[in-house]
Structures are given as C-alpha cells and as structure tokens.
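Reviewing the structure listed below.
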Amino acid sequence: MKAKNKNKKWTATRILLIAGPLCFVILWLLTPSESAFKQSNTWQKMTEPGSLSNAHRQLENNCAACHTPVQGVKTSNCIVCHANNESLLQRQPTAFHASISSCVECHLEHQGVDKRPTKMDHEALATIGLRQLNSGSTETENYILREELLAHTNGRIAPHSRITSKETVLNCLACHANDDRHFKLFGQDCSQCHATDKWTIPEYRHPSATSMDCAQCHQAPPSHYMMHFKMISARVAGKPHARVDQCFQCHQTTSWNDILGTGWYKHH
Amino acid sequence: MKERERAVVTGLVVLMLVVWFGFIFHHSPRFAGSFWGGMLGVSGALLMLVPLAYLIVKRIKWFKSHVTKHVSMRTLLAWHIYAGILGPILVLLHTGHKFNSLLGITLTTMTLIVVISGFIGRYLMNRFSTEIREKKALLKELQGEYQQVSDQLAGTSQVGTVLLPFRGILGQLTASLFIRDLPTSPANVTVASPYTMMRLSESIADVEYAIKTHETFKKWFGKWLKFHIFVSVILYLLLALHVWAAIHFGIRWFTPWYSSTSYYSQTLENGTAKSRLRSLENSQQTESSIAAANQFSLYFGNLFKQHWRSLVVIHGIRTTVFDYTGIAAEIGQPNSNYSRAMQALQQVDPEYLGNGNLEKAFWINVYNFGAMKMAAEKYPVTSITDPKISDGNPWGIKNILIGNGQYSLVQIEREILLKKFDDPRIVFAVSCAAVSCPDRTDEIFSAEKIDQQLEDIVGGLLSNSAKGLSIDTQRKVITLSWILKADRRLFGDGSDEGLLDFARYYTTAENRNWIDANRGDIKLEFFTHDWGLNDIALADKKD
C-alpha cells in the first residue's frame, strides 16, 4: 500500500497541506468583516487569563480600555473612568486615592466574575509612597526623607509578627484617625499592637468581670454626663446613688446593654 | 549508552507529566507573570527552539553537508531530545499551574503531545519490531509442533471421533472446555493426542492474532513522525502568539527601551505624584478635616439660623436673641442639626485646617456652638454663669468634643484663636450667650466672609450706645463695653489711648468726630456686663 502512494504525486498529506489553508483563506474572504471571529478582541479573548470581575463586565470586549500596547495597564486608563469618585475621596480611609497615582498593586483583574478587583495591601502602599519620594537626585529633601524611612524598613524587626517593618513606616492616623477607639490615649503608633489585615488583636484579653477599673479604658457616652444619667439610667438600674465613674454598679462585661439586675435594656 | 539514555529520558518524561499533573493540587495565578515565572518561561521557550536545529540540519541538504563535518547527527539528535524535554519542563513550571485562557491550554496541550509523541516514536517504536520478531519465531515453532502431532495422528480415528463434533462456530469456541486429555499423560512430553492438537491450534491462533495487532500498531505508529512534526508546527505558532500577547498586554517585570514607564513605576503626567510622604498624608488629612469642618458649618449654620430671633429687650438692654427652648429640644434627637453638628465636629482634626480664614471661622463658630451647647444642655438656665452649668467658671469646662480631644471655651479663645490669629476682633465674635454680648445676624461666620463679618460685628457693638459705646459729652466720659476692658492688652498697647484708637475707628461718624475733637480729655468707664442668657424666653414683659 505504502509503495503505491510513494509514486503518486498527490498523497493525502500533500492534499491536506494545500487544500487546508486554501479553504481557510476562501472562507475568510467570504465572511463579512462584522462577524465575530474577525474582531480583534475575539482573538485577544483567547489569551484572556481569567474573566473580568462583575464591576468591569461591560469592558469584556474592549481590551484597549485598560491595556496600552506593550506598556500594560497604565494608571491614566483607570483614571479616565474613575476620576472624581466623590464618595471615595471624601472618606478618610480611602482619601489617599487622590494622590496615589498607581492602581495595579491593589486592584487585580481577571480573577473571575465573583472576585472583587480590590485587595488592600498596606505594604504596597508603603512601597508606592517610598517610590514617589525617589526623585533620583540626592540633593533634595525627598532623598533624605526616603533614606530615613528606608532605614526603618531594612533590617528592622517589626513590633510584632502580624505586621512587616515596611508597613510600620505608614502613618496610620492619616487614614484611620476616625477608627481610633482609644480617644488618642494610646498615642499615635497604632502599629505597635495592630495589624493591617484586621483591627482585632488576637492576644487581647479583657480584664476580669469583677474588675472595678472600667474607667481606665472606657468613657461613658454623653448621656451619662447629663441629667439623663440621674433621671433615667441610674433609676433603671436600681442604683439611684451610683456615680458615673462606678460603671461596675450597673454594667457587666457581657454587654453594655446587659444591666446588672435588670437584664437586657433596650435603648432608644 | 543507549540504555542509559533511555532510562534518563524516560525519567524526564515522567517528571514532566508529574509537574503537569500537579495542577490538581496547586494553583499560583500570579506566578506566570512574575519575574521568576518570566525567567522560567523565557528559558524554557529558548530551549524549545533548540530541537529545530536537528530538523533543519536533517532536512536541508546544504546544512547537512556543512554541519555534519563538525557535529554528528547523533549528537544533534541527543541535543534535540534533551532540549526538547527540558524546555517543556521549565515551561510547565512557568505556568504556575494556571490553565485559564484558551491559548494557554492549547499551548500546554500541544507541548505535552509533542513530547509524548516524540518519546513514543523513539523509544517505544522499536519495541514493536522486536516483539514481532519474537512472536514470529514462536509461531514457527508452534507450527512445526502441530505438523508433527498431526503427522503422528494421521490415519487414526482419534482425530475424527474426538474433534469432529466441534466443527461449528460454537463447537470451536467451547472445544477446550470439553476435550480432556488422558489422565496418565506425563507433563513435559508432547503426547500425540487430539487434545494436544486442539491446544496447539489455539496457541497458533493467539500468536497470529498478536502478530497482526503488533503490525497494525506498527503501521499506525509509523505515521508518528508526521504527526510529531505537524503538532510541533502548531506548537511553534501558538508559542509565537503567546509571546506576542504577553508583550502586547504588558509584561510586569520588563520595560522595553521604547516604553516610557514600567508597569509598576508609573506616575501621572506632570509628576503630581512627586510629593513627600508627609505631605501625602497631610493632603488626605486636610481633605477629610476640611470636609468635616464644612459639614459642621452647614449644620451649625442651620441651627443658628433657625433659632435666631431679632432684637428684643432683656433687662432693659436691646439684644438679638435665640430660642434656647428650641435648641434644647434638639439635643438627643439623632437627626437634628444639633446632633449632626456634634457628629461632624468629632470628625475634624483641627491640626489640618490650614491656618487661614477657614480655621479662624471654624474656631469662632465652635466657640459659639460650645457656649450655646452649655446653656442648652442645662436648660432652663438664665445665664451662662448659672450654678447648674458650672461652679463659677463655665469657660473652663472641657465639654466640646472635637476630633482630637475635649476643648473648653477659654482654651479655644486664648490658646487657639488669640494665639494663632493676631486679630483683636475675635473677642467680639466669640459670643458667650449673654445679653451684653454683640448683636448677631442670623448667619454664622464663614471663611469667605469672615473679614467683613468681623468688621460688622465690632462696628455694630461700638455703635450701640446701650451696651457698646456711650458718650457722656458733659462729663467727657466714654463708657465702653466690658469686652474692651477684659482684653484691653489686645487693643493697641492696652492703655486708654489704645482703646480709644480702636473704638474711634469702629464707632459712628458722629462719635468719631466728638472723640477726635476731645481727645486728651476723655475718661473711660465700662458697662457692667450683663451675663443674662440671650434667650427669647427671658425677654422683658411689656407691662
């Protein structure tokens, strides 16, 4: 069988090699240019490493909306749509977006429809800040500042294992002043105790339920400094002569609303 | 040599399959685009181009004649094989087991197919030939034996009687179940019997079948080379497409010379990002504090306007007043202007208000709000000095909560306002909710209008002969508001002359003329400051 085919000019392989591309070219020329497979984004979609998040769904077929050829995802592409996001900029924790001018470190796309394209990375924030100080010239204040800040990051041990030394360079109050539950009594160095992924400190233990030192950490709400205290609060708890600094007379460590001897008091 | 090569390459192919198969357990979506992922990808791809050398040299005569003088085909083949298996291993590591895009999946599949087809073709193909040879030898042996037995039994009736019933298809299938040999036949001797014949014929059938299968496989796998080349062509095309796409959409770890900025070091045009880390923080703090200060102004302004009442007479003195009953009613209501103003205050960090008119207006308004608050909280009171509010010094109570702490009135006036702003008009603006304090319009101080507002308020008071400036032309005594006495050091050098200079500037033209005409003879006295609350409810009843 093989011997026969060798003599013939038209082996199956040769026919395929010629007819295949020929058919392809003819079909390509025949189909209209609006057809789906002739759009460049359809071909580009074949290289898509994962679908866009729900928020960017409308850009599915518009790769150029975010991707500049060769340069990748440029910040200016993001700003075209997301400039002047009032609700973002007037809120203290996210006000830094006004001058951060770098988006891709925290905003990752192509992770699938369900994943939010935002993941706060405080280390990236510190890196960006240090980078922005890097003007190249050694003559400027920026250079000195950057050197000093880098001295804080390189080789320094972080105050605890839940934070990196780079993150300690950040000024927490710049964005989180309103999250300070300690009325500034614990100072401004939040990173001594807190981490950047969540506020709760796993090692924290509340003092004993029998402790009478509540006032050392807790301050009463404004109502307790007004007539409200004598007229309502103390009476409800059945302790008409209790003073405001004697929290333990009425309150327990289960909940502020769980009044000693009275049960759960539903406040207005 | 060949055996060792075979063992090594088999091991490498197994390694490749294991690396690929890890996708079941492991997935690193960001690795492929990272620096080390990129290095692996580039080196793997370069290695995958090396096999082309063997192809080119083998098929193009010019190359073959020139190259084989220095390097043998055998060596080139060895390179082809080793590069062709190491490259794919590196490339599979590069993927980080991320198989998401159509192109990526196809490329990986083609890589695996090319490697496996090459492996089978080179190392397993020759097995078939060996197998076939062995089986053919066995067949010959069996056929010989069969012939022998057949000859021995020829002419006997055994063959006929035993085998004849099993002629049909069903009989042929079940023959071995029924035909039994003589129980006394010894093990290793081929006894000539129908049973032996049957066994031999079955064996021959099996071997013939095996040979046929092997030959079919061999025929099909003979095409493996064409298949291997075909898939490689597709592989190289897809590889080129993949590299183009990566460059087109932006490589994270590489900046081409003609591209202005790399992926991760972009700054906006005009270098707006070149600012100090501290001033970065400053601008964020400032924005939010100013926003909160504006909120406070909004709500306090509403509160002020709603409860302001025009001139009435209290204790014989005409003064603008407020409806403190109304203000007190707003306390404790979460959505009232009062509560909202308090909330907004807590969001302000006064260090970031900018040292200008905005901060000035803010503090003056906060003072006024604080004074109102003190009276409203303890309402009904008749004065800010009421014992219900304080034990004599209401101005020292720290009851105003602003972002970074509790402030008292005296703190705001002295430590902040007067220290920061060298402006004596401030003491007139910080009204202490008293009858003798300057009259107010229904507007709070705003950053844009504060200068004019301050001029108006001082001018208004010093033109008011009941509580601001009163001239007794006969006794040549000018009675001034107590405010000028309490803070006299602010007005010029604090002497009577300083006070007069200040007063003459702001008072009416008529008064000014008199003062100028009689300068030198004037004696100063001061009104007794009426601390009664400027509450509309306290207005004198008309009898």
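By convention in this document, the chains of the structure tokens carry letters A, B, ... by their order, each chain's residues are numbered from 1, and ligands are numbered from 1 in the order they are shown.
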Based on the backbone DSSP call, show me all residues of region 227-454 of chain B assigned strand (DSSP E), as a PyMOL selection string.
chain B and resi 308-314+317-322+400-402+405-407
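Excluding region 67-75 of chain A and any residue on its chain fewer than 4 positions from it, the residues at most 6 Å away by only C-alpha atoms are Cys63 and Ser102 of chain A; Ile247, His248, Phe249 and Gly250 of chain B.
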Top pick for closest residue to Glu5 (chain B), considering B:Leu77, B:Val42, B:Lys61, B:Ile444 and counting only C-alpha atoms
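Comparing B:Leu77, B:Val42, B:Lys61, B:Ile444 against Glu5 (chain B), the winner is B:Leu77.
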Produce a table with one row for each residue of chain A that has an atom at most 7 Å from any atom of chain B, each row naming the nearest atom pair and its distance in Å at one decimal; use only C-alpha atoms; arrange rows by chain and rising residue number; format as CSV.
```
residue,atom,partner,partner_atom,distance
A:Met46,CA,B:Leu102,CA,5.0
A:Thr47,CA,B:Ser101,CA,5.2
A:Glu48,CA,B:Ser101,CA,5.2
A:Pro49,CA,B:Ser101,CA,4.9
A:Gly50,CA,B:Asn100,CA,5.7
A:His67,CA,B:Phe249,CA,5.8
A:Thr68,CA,B:Phe249,CA,6.9
A:Pro69,CA,B:His248,CA,4.8
A:Val70,CA,B:His248,CA,4.6
A:Gln71,CA,B:Gly250,CA,5.1
A:Gly72,CA,B:Gly250,CA,3.6
A:Val73,CA,B:Tyr263,CA,6.9
A:Ser76,CA,B:Leu268,CA,6.9
A:Gln90,CA,B:Ser288,CA,6.0
A:Arg91,CA,B:Ser288,CA,6.7
A:Gln92,CA,B:Ser288,CA,5.6
A:Ala95,CA,B:Gln284,CA,5.5
A:Phe96,CA,B:Gln284,CA,5.8
A:Ser99,CA,B:Ala273,CA,6.2
A:Ile100,CA,B:Ala273,CA,6.9
A:Ser101,CA,B:Thr267,CA,5.9
A:Ser102,CA,B:Gln266,CA,6.5
A:Gly129,CA,B:Leu277,CA,6.0
A:Gln132,CA,B:Lys274,CA,5.3
A:Leu133,CA,B:Arg276,CA,6.0
A:Asn142,CA,B:Arg276,CA,6.3
A:Ala174,CA,B:Glu281,CA,5.3
A:Asn178,CA,B:Gln347,CA,6.7
```
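Using only C-alpha atoms, the protein and nucleic acid residues lying no more than 8 Å from region 463-477 of chain B, apart from those fewer than 5 places from it along its own chain, are Ile317, Arg318, Ser436, Pro438, Tyr506, Thr507, Thr508, Asn511, Asp521, Ile522, Lys523, Leu524, Glu525 and Phe527 of chain B.
Of note, CA of Gly460 (chain B) and CA of Asp439 (chain B) are spaced 7.3 Å apart.
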Near Asn171 (chain A), within 10 Å and counting only C-alpha atoms, which residues show up once chain neighbours fewer than 2 positions away are dropped, as an mmCIF file with N, CA, C and O atoms, in the first residue's frame?
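Below is the file that was written, part.cif:
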```
data_model
loop_
_atom_site.group_PDB
_atom_site.id
_atom_site.type_symbol
_atom_site.label_atom_id
_atom_site.label_comp_id
_atom_site.auth_asym_id
_atom_site.auth_seq_id
_atom_site.Cartn_x
_atom_site.Cartn_y
_atom_site.Cartn_z
ATOM 1 N N ALA A 126 3.069 51.415 51.217
ATOM 2 C CA ALA A 126 4.352 51.943 51.680
ATOM 3 C C ALA A 126 5.360 51.964 50.537
ATOM 4 O O ALA A 126 6.094 52.953 50.362
ATOM 5 N N GLU A 167 5.425 48.150 56.718
ATOM 6 C CA GLU A 167 4.118 48.728 56.994
ATOM 7 C C GLU A 167 4.175 49.699 58.161
ATOM 8 O O GLU A 167 3.339 50.592 58.274
ATOM 9 N N THR A 168 5.170 49.554 59.032
ATOM 10 C CA THR A 168 5.233 50.465 60.181
ATOM 11 C C THR A 168 5.629 51.874 59.757
ATOM 12 O O THR A 168 5.476 52.809 60.521
ATOM 13 N N VAL A 169 6.162 52.014 58.543
ATOM 14 C CA VAL A 169 6.538 53.341 58.053
ATOM 15 C C VAL A 169 5.310 54.204 57.806
ATOM 16 O O VAL A 169 5.360 55.424 57.843
ATOM 17 N N LEU A 173 -2.706 57.233 61.286
ATOM 18 C CA LEU A 173 -3.741 58.227 61.549
ATOM 19 C C LEU A 173 -4.134 58.995 60.295
ATOM 20 O O LEU A 173 -5.218 59.557 60.244
ATOM 21 N N ALA A 174 -3.267 59.012 59.318
ATOM 22 C CA ALA A 174 -3.585 59.762 58.108
ATOM 23 C C ALA A 174 -4.875 59.270 57.477
ATOM 24 O O ALA A 174 -5.597 60.013 56.835
ATOM 25 N N CYS A 175 -5.155 57.997 57.649
ATOM 26 C CA CYS A 175 -6.373 57.442 57.065
ATOM 27 C C CYS A 175 -7.332 56.886 58.097
ATOM 28 O O CYS A 175 -8.522 56.742 57.827
ATOM 29 N N HIS A 176 -6.803 56.558 59.243
ATOM 30 C CA HIS A 176 -7.645 55.841 60.202
ATOM 31 C C HIS A 176 -7.865 56.599 61.490
ATOM 32 O O HIS A 176 -8.187 55.992 62.510
ATOM 33 N N ALA A 177 -7.742 57.931 61.461
ATOM 34 C CA ALA A 177 -7.921 58.694 62.699
ATOM 35 C C ALA A 177 -9.300 58.434 63.287
ATOM 36 O O ALA A 177 -9.481 58.380 64.495
ATOM 37 N N GLN A 188 -0.072 57.635 68.969
ATOM 38 C CA GLN A 188 -0.280 57.619 67.528
ATOM 39 C C GLN A 188 0.378 56.441 66.843
ATOM 40 O O GLN A 188 0.317 56.323 65.638
ATOM 41 N N ASP A 189 1.029 55.577 67.612
ATOM 42 C CA ASP A 189 1.772 54.485 66.983
ATOM 43 C C ASP A 189 0.930 53.215 66.990
ATOM 44 O O ASP A 189 1.183 52.275 67.736
ATOM 45 N N CYS A 190 -0.080 53.201 66.152
ATOM 46 C CA CYS A 190 -1.032 52.095 66.119
ATOM 47 C C CYS A 190 -0.354 50.763 65.830
ATOM 48 O O CYS A 190 -0.774 49.722 66.328
ATOM 49 N N SER A 191 0.715 50.803 65.022
ATOM 50 C CA SER A 191 1.308 49.543 64.560
ATOM 51 C C SER A 191 2.009 48.785 65.676
ATOM 52 O O SER A 191 2.388 47.638 65.503
ATOM 53 N N LEU B 277 6.110 62.042 51.539
ATOM 54 C CA LEU B 277 5.206 61.099 52.185
ATOM 55 C C LEU B 277 4.346 61.842 53.183
ATOM 56 O O LEU B 277 3.157 61.652 53.291
ATOM 57 N N ARG B 278 4.953 62.778 53.918
ATOM 58 C CA ARG B 278 4.200 63.517 54.918
ATOM 59 C C ARG B 278 3.166 64.400 54.282
ATOM 60 O O ARG B 278 2.049 64.506 54.770
ATOM 61 N N GLU B 281 0.234 62.510 53.362
ATOM 62 C CA GLU B 281 -0.680 62.315 54.483
ATOM 63 C C GLU B 281 -1.419 63.601 54.766
ATOM 64 O O GLU B 281 -2.601 63.599 55.035
#
```
Nearby residues (only C-alpha atoms) at most 12 Å from Val57 (chain B), same-chain spacing under 3 positions excluded, as an mmCIF file with all heavy atoms, in the first residue's frame:
```cif
data_model
loop_
_atom_site.group_PDB
_atom_site.id
_atom_site.type_symbol
_atom_site.label_atom_id
_atom_site.label_comp_id
_atom_site.auth_asym_id
_atom_site.auth_seq_id
_atom_site.Cartn_x
_atom_site.Cartn_y
_atom_site.Cartn_z
ATOM 1 N N VAL B 50 15.634 24.896 20.373
ATOM 2 C CA VAL B 50 16.846 24.123 20.018
ATOM 3 C C VAL B 50 16.529 22.899 19.140
ATOM 4 O O VAL B 50 17.274 22.622 18.198
ATOM 5 C CB VAL B 50 17.591 23.706 21.309
ATOM 6 C CG1 VAL B 50 18.673 22.694 21.010
ATOM 7 C CG2 VAL B 50 18.168 24.936 21.988
ATOM 8 N N PRO B 51 15.438 22.144 19.396
ATOM 9 C CA PRO B 51 15.149 20.973 18.543
ATOM 10 C C PRO B 51 15.062 21.296 17.054
ATOM 11 O O PRO B 51 15.248 20.420 16.220
ATOM 12 C CB PRO B 51 13.804 20.479 19.070
ATOM 13 C CG PRO B 51 13.765 20.916 20.477
ATOM 14 C CD PRO B 51 14.499 22.209 20.539
ATOM 15 N N LEU B 52 14.782 22.561 16.741
ATOM 16 C CA LEU B 52 14.695 22.923 15.336
ATOM 17 C C LEU B 52 16.015 22.709 14.614
ATOM 18 O O LEU B 52 16.047 22.453 13.405
ATOM 19 C CB LEU B 52 14.287 24.394 15.203
ATOM 20 C CG LEU B 52 12.804 24.686 15.418
ATOM 21 C CD1 LEU B 52 12.570 26.182 15.495
ATOM 22 C CD2 LEU B 52 11.977 24.086 14.299
ATOM 23 N N ALA B 53 17.104 22.793 15.381
ATOM 24 C CA ALA B 53 18.423 22.627 14.760
ATOM 25 C C ALA B 53 18.538 21.261 14.082
ATOM 26 O O ALA B 53 18.975 21.153 12.932
ATOM 27 C CB ALA B 53 19.508 22.798 15.822
ATOM 28 N N TYR B 54 18.113 20.240 14.815
ATOM 29 C CA TYR B 54 18.173 18.876 14.250
ATOM 30 C C TYR B 54 17.331 18.781 12.981
ATOM 31 O O TYR B 54 17.738 18.229 11.970
ATOM 32 C CB TYR B 54 17.669 17.891 15.304
ATOM 33 C CG TYR B 54 17.622 16.467 14.827
ATOM 34 C CD1 TYR B 54 18.781 15.715 14.691
ATOM 35 C CD2 TYR B 54 16.403 15.865 14.509
ATOM 36 C CE1 TYR B 54 18.744 14.402 14.251
ATOM 37 C CE2 TYR B 54 16.353 14.565 14.071
ATOM 38 C CZ TYR B 54 17.524 13.826 13.946
ATOM 39 O OH TYR B 54 17.459 12.541 13.499
ATOM 40 N N ILE B 60 17.574 19.919 5.336
ATOM 41 C CA ILE B 60 18.114 20.836 4.317
ATOM 42 C C ILE B 60 19.532 20.400 3.969
ATOM 43 O O ILE B 60 20.414 20.405 4.829
ATOM 44 C CB ILE B 60 18.070 22.292 4.815
ATOM 45 C CG1 ILE B 60 16.613 22.662 5.114
ATOM 46 C CG2 ILE B 60 18.672 23.215 3.762
ATOM 47 C CD1 ILE B 60 16.447 24.054 5.673
ATOM 48 N N LYS B 61 19.721 20.025 2.709
ATOM 49 C CA LYS B 61 20.978 19.392 2.305
ATOM 50 C C LYS B 61 22.189 20.256 2.545
ATOM 51 O O LYS B 61 23.230 19.779 2.980
ATOM 52 C CB LYS B 61 20.899 18.985 0.829
ATOM 53 C CG LYS B 61 19.995 17.799 0.594
ATOM 54 C CD LYS B 61 20.354 17.071 -0.689
ATOM 55 C CE LYS B 61 19.502 15.835 -0.863
ATOM 56 N NZ LYS B 61 18.067 16.155 -1.035
ATOM 57 N N TRP B 62 22.066 21.522 2.277
ATOM 58 C CA TRP B 62 23.205 22.422 2.423
ATOM 59 C C TRP B 62 23.732 22.381 3.846
ATOM 60 O O TRP B 62 24.923 22.247 4.083
ATOM 61 C CB TRP B 62 22.779 23.842 2.039
ATOM 62 C CG TRP B 62 23.936 24.797 1.988
ATOM 63 C CD1 TRP B 62 24.721 25.054 0.910
ATOM 64 C CD2 TRP B 62 24.445 25.596 3.056
ATOM 65 N NE1 TRP B 62 25.687 25.985 1.228
ATOM 66 C CE2 TRP B 62 25.541 26.331 2.544
ATOM 67 C CE3 TRP B 62 24.103 25.778 4.394
ATOM 68 C CZ2 TRP B 62 26.280 27.220 3.324
ATOM 69 C CZ3 TRP B 62 24.850 26.659 5.165
ATOM 70 C CH2 TRP B 62 25.930 27.374 4.622
ATOM 71 N N PHE B 63 22.796 22.493 4.811
ATOM 72 C CA PHE B 63 23.196 22.457 6.211
ATOM 73 C C PHE B 63 23.800 21.113 6.576
ATOM 74 O O PHE B 63 24.796 21.021 7.284
ATOM 75 C CB PHE B 63 21.976 22.727 7.119
ATOM 76 C CG PHE B 63 21.657 24.178 7.270
ATOM 77 C CD1 PHE B 63 20.542 24.716 6.658
ATOM 78 C CD2 PHE B 63 22.493 25.003 7.995
ATOM 79 C CE1 PHE B 63 20.258 26.062 6.801
ATOM 80 C CE2 PHE B 63 22.209 26.351 8.143
ATOM 81 C CZ PHE B 63 21.090 26.890 7.534
ATOM 82 N N LYS B 64 23.139 20.053 6.061
ATOM 83 C CA LYS B 64 23.593 18.712 6.410
ATOM 84 C C LYS B 64 25.051 18.505 6.006
ATOM 85 O O LYS B 64 25.874 18.033 6.791
ATOM 86 C CB LYS B 64 22.710 17.669 5.735
ATOM 87 C CG LYS B 64 22.938 16.276 6.267
ATOM 88 C CD LYS B 64 21.800 15.347 5.879
ATOM 89 C CE LYS B 64 21.966 14.001 6.537
ATOM 90 N NZ LYS B 64 20.872 13.105 6.164
ATOM 91 N N SER B 65 25.354 18.908 4.788
ATOM 92 C CA SER B 65 26.727 18.662 4.343
ATOM 93 C C SER B 65 27.742 19.496 5.107
ATOM 94 O O SER B 65 28.839 19.041 5.384
ATOM 95 C CB SER B 65 26.824 18.926 2.836
ATOM 96 O OG SER B 65 26.364 20.234 2.564
ATOM 97 N N HIS B 66 27.333 20.719 5.484
ATOM 98 C CA HIS B 66 28.314 21.575 6.157
ATOM 99 C C HIS B 66 28.425 21.294 7.642
ATOM 100 O O HIS B 66 29.505 21.362 8.216
ATOM 101 C CB HIS B 66 27.952 23.037 5.940
ATOM 102 C CG HIS B 66 28.342 23.520 4.575
ATOM 103 N ND1 HIS B 66 27.517 23.344 3.487
ATOM 104 C CD2 HIS B 66 29.456 24.127 4.127
ATOM 105 C CE1 HIS B 66 28.117 23.851 2.418
ATOM 106 N NE2 HIS B 66 29.295 24.334 2.773
ATOM 107 N N VAL B 67 27.286 21.015 8.271
ATOM 108 C CA VAL B 67 27.313 20.882 9.727
ATOM 109 C C VAL B 67 27.835 19.529 10.175
ATOM 110 O O VAL B 67 28.575 19.426 11.158
ATOM 111 C CB VAL B 67 25.902 21.130 10.308
ATOM 112 C CG1 VAL B 67 25.868 20.858 11.794
ATOM 113 C CG2 VAL B 67 25.477 22.560 10.051
ATOM 114 N N THR B 68 27.476 18.469 9.438
ATOM 115 C CA THR B 68 27.846 17.132 9.914
ATOM 116 C C THR B 68 29.352 16.891 9.884
ATOM 117 O O THR B 68 29.837 15.908 10.425
ATOM 118 C CB THR B 68 27.149 16.023 9.098
ATOM 119 O OG1 THR B 68 27.189 16.364 7.717
ATOM 120 C CG2 THR B 68 25.716 15.842 9.547
ATOM 121 N N LYS B 69 30.054 17.828 9.241
ATOM 122 C CA LYS B 69 31.520 17.694 9.313
ATOM 123 C C LYS B 69 32.005 17.922 10.729
ATOM 124 O O LYS B 69 32.993 17.350 11.157
ATOM 125 C CB LYS B 69 32.159 18.742 8.403
ATOM 126 C CG LYS B 69 32.089 18.406 6.932
ATOM 127 C CD LYS B 69 32.811 19.459 6.096
ATOM 128 C CE LYS B 69 32.317 19.373 4.664
ATOM 129 N NZ LYS B 69 32.354 20.655 3.984
ATOM 130 N N VAL B 71 29.676 18.330 13.636
ATOM 131 C CA VAL B 71 28.825 17.704 14.669
ATOM 132 C C VAL B 71 28.055 16.563 14.016
ATOM 133 O O VAL B 71 27.441 16.756 12.969
ATOM 134 C CB VAL B 71 27.838 18.743 15.231
ATOM 135 C CG1 VAL B 71 27.021 18.136 16.359
ATOM 136 C CG2 VAL B 71 28.557 19.978 15.699
ATOM 137 N N SER B 72 28.072 15.420 14.674
ATOM 138 C CA SER B 72 27.371 14.287 14.055
ATOM 139 C C SER B 72 25.871 14.406 14.249
ATOM 140 O O SER B 72 25.395 15.092 15.157
ATOM 141 C CB SER B 72 27.865 12.977 14.674
ATOM 142 O OG SER B 72 27.335 12.873 15.987
ATOM 143 N N MET B 73 25.124 13.710 13.407
ATOM 144 C CA MET B 73 23.669 13.713 13.515
ATOM 145 C C MET B 73 23.237 13.130 14.846
ATOM 146 O O MET B 73 22.243 13.542 15.438
ATOM 147 C CB MET B 73 23.055 12.880 12.363
ATOM 148 C CG MET B 73 23.107 13.538 11.007
ATOM 149 S SD MET B 73 22.249 15.127 10.980
ATOM 150 C CE MET B 73 20.560 14.591 10.953
ATOM 151 N N ARG B 74 24.038 12.180 15.297
ATOM 152 C CA ARG B 74 23.685 11.532 16.564
ATOM 153 C C ARG B 74 23.714 12.524 17.714
ATOM 154 O O ARG B 74 22.832 12.556 18.565
ATOM 155 C CB ARG B 74 24.712 10.404 16.800
ATOM 156 C CG ARG B 74 24.539 9.739 18.122
ATOM 157 C CD ARG B 74 24.233 8.253 17.981
ATOM 158 N NE ARG B 74 23.940 7.764 19.321
ATOM 159 C CZ ARG B 74 22.711 7.748 19.841
ATOM 160 N NH1 ARG B 74 21.690 8.139 19.111
ATOM 161 N NH2 ARG B 74 22.522 7.320 21.061
ATOM 162 N N THR B 75 24.757 13.403 17.688
ATOM 163 C CA THR B 75 24.859 14.430 18.738
ATOM 164 C C THR B 75 23.692 15.407 18.634
ATOM 165 O O THR B 75 23.073 15.764 19.633
ATOM 166 C CB THR B 75 26.184 15.202 18.599
ATOM 167 O OG1 THR B 75 27.240 14.278 18.329
ATOM 168 C CG2 THR B 75 26.471 16.008 19.837
ATOM 169 N N LEU B 76 23.400 15.819 17.392
ATOM 170 C CA LEU B 76 22.285 16.755 17.210
ATOM 171 C C LEU B 76 20.987 16.147 17.710
ATOM 172 O O LEU B 76 20.161 16.828 18.303
ATOM 173 C CB LEU B 76 22.143 17.107 15.723
ATOM 174 C CG LEU B 76 23.132 18.134 15.192
ATOM 175 C CD1 LEU B 76 23.016 18.259 13.686
ATOM 176 C CD2 LEU B 76 22.889 19.487 15.834
ATOM 177 N N LEU B 77 20.829 14.869 17.450
ATOM 178 C CA LEU B 77 19.617 14.204 17.931
ATOM 179 C C LEU B 77 19.569 14.200 19.448
ATOM 180 O O LEU B 77 18.517 14.424 20.054
ATOM 181 C CB LEU B 77 19.571 12.768 17.381
ATOM 182 C CG LEU B 77 18.324 11.968 17.782
ATOM 183 C CD1 LEU B 77 17.064 12.638 17.228
ATOM 184 C CD2 LEU B 77 18.414 10.527 17.296
ATOM 185 N N HIS B 80 18.539 17.493 20.506
ATOM 186 C CA HIS B 80 17.120 17.625 20.192
ATOM 187 C C HIS B 80 16.274 17.011 21.294
ATOM 188 O O HIS B 80 15.297 17.594 21.766
ATOM 189 C CB HIS B 80 16.855 16.931 18.841
ATOM 190 C CG HIS B 80 15.403 16.846 18.439
ATOM 191 N ND1 HIS B 80 14.847 17.687 17.508
ATOM 192 C CD2 HIS B 80 14.417 16.000 18.821
ATOM 193 C CE1 HIS B 80 13.564 17.372 17.328
ATOM 194 N NE2 HIS B 80 13.279 16.346 18.112
#
```
Rank B:Leu139, B:Phe166, B:Phe322, B:Gly121 by their smallest atom-to-atom distance to Ala205 (chain B), using only C-alpha atoms, and report the top residue only.
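Using only C-alpha atoms, the shortest distance to Ala205 (chain B) belongs to B:Leu139.
Neighbours of His27 (chain B) closer than or equal to 7 Å, with only C-alpha atoms counted and sequence neighbours fewer than 4 positions away skipped, come out as Phe23, Gly96, His97 and Lys98 of chain B.
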Taking N, CA, C and O atoms for each residue, export the selection above as a compact mmCIF listing (two decimals), in the first residue's frame.
```txt
# COMPACT_ATOMS: atom_id res chain seq x y z
N PHE B 23 -1.45 20.27 38.68
CA PHE B 23 -2.49 21.30 38.65
C PHE B 23 -3.71 20.90 39.46
O PHE B 23 -4.54 21.73 39.83
N GLY B 96 2.86 27.90 36.50
CA GLY B 96 2.31 28.00 37.86
C GLY B 96 0.97 27.30 37.95
O GLY B 96 0.13 27.65 38.77
N HIS B 97 0.76 26.34 37.07
CA HIS B 97 -0.50 25.60 37.02
C HIS B 97 -1.69 26.51 36.80
O HIS B 97 -2.76 26.29 37.35
N LYS B 98 -1.48 27.57 36.01
CA LYS B 98 -2.61 28.43 35.67
C LYS B 98 -3.04 28.10 34.26
O LYS B 98 -2.38 28.48 33.30
```
Between CA of Asn41 (chain A) and CA of Gln58 (chain A), what is the spacing in Å?
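If I compute the distance from CA of Gln58 (chain A) to CA of Asn41 (chain A), I get 13.4 Å.
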Give me the residues within 10 Å of Arg122 (chain B) as a ChimeraX atom specification, counting only C-alpha atoms and dropping any in the same chain fewer than 3 places off.
/B:6,81,116-119,125-127,224-225
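Here CA of Gly263 (chain A) and CA of Arg205 (chain A) stand 24.4 Å from one another.
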Between B:Ala32, B:Leu538, B:Met372, B:Leu86, which one has atoms that come closest to Ile314 (chain B), using only C-alpha atoms?
B:Leu538
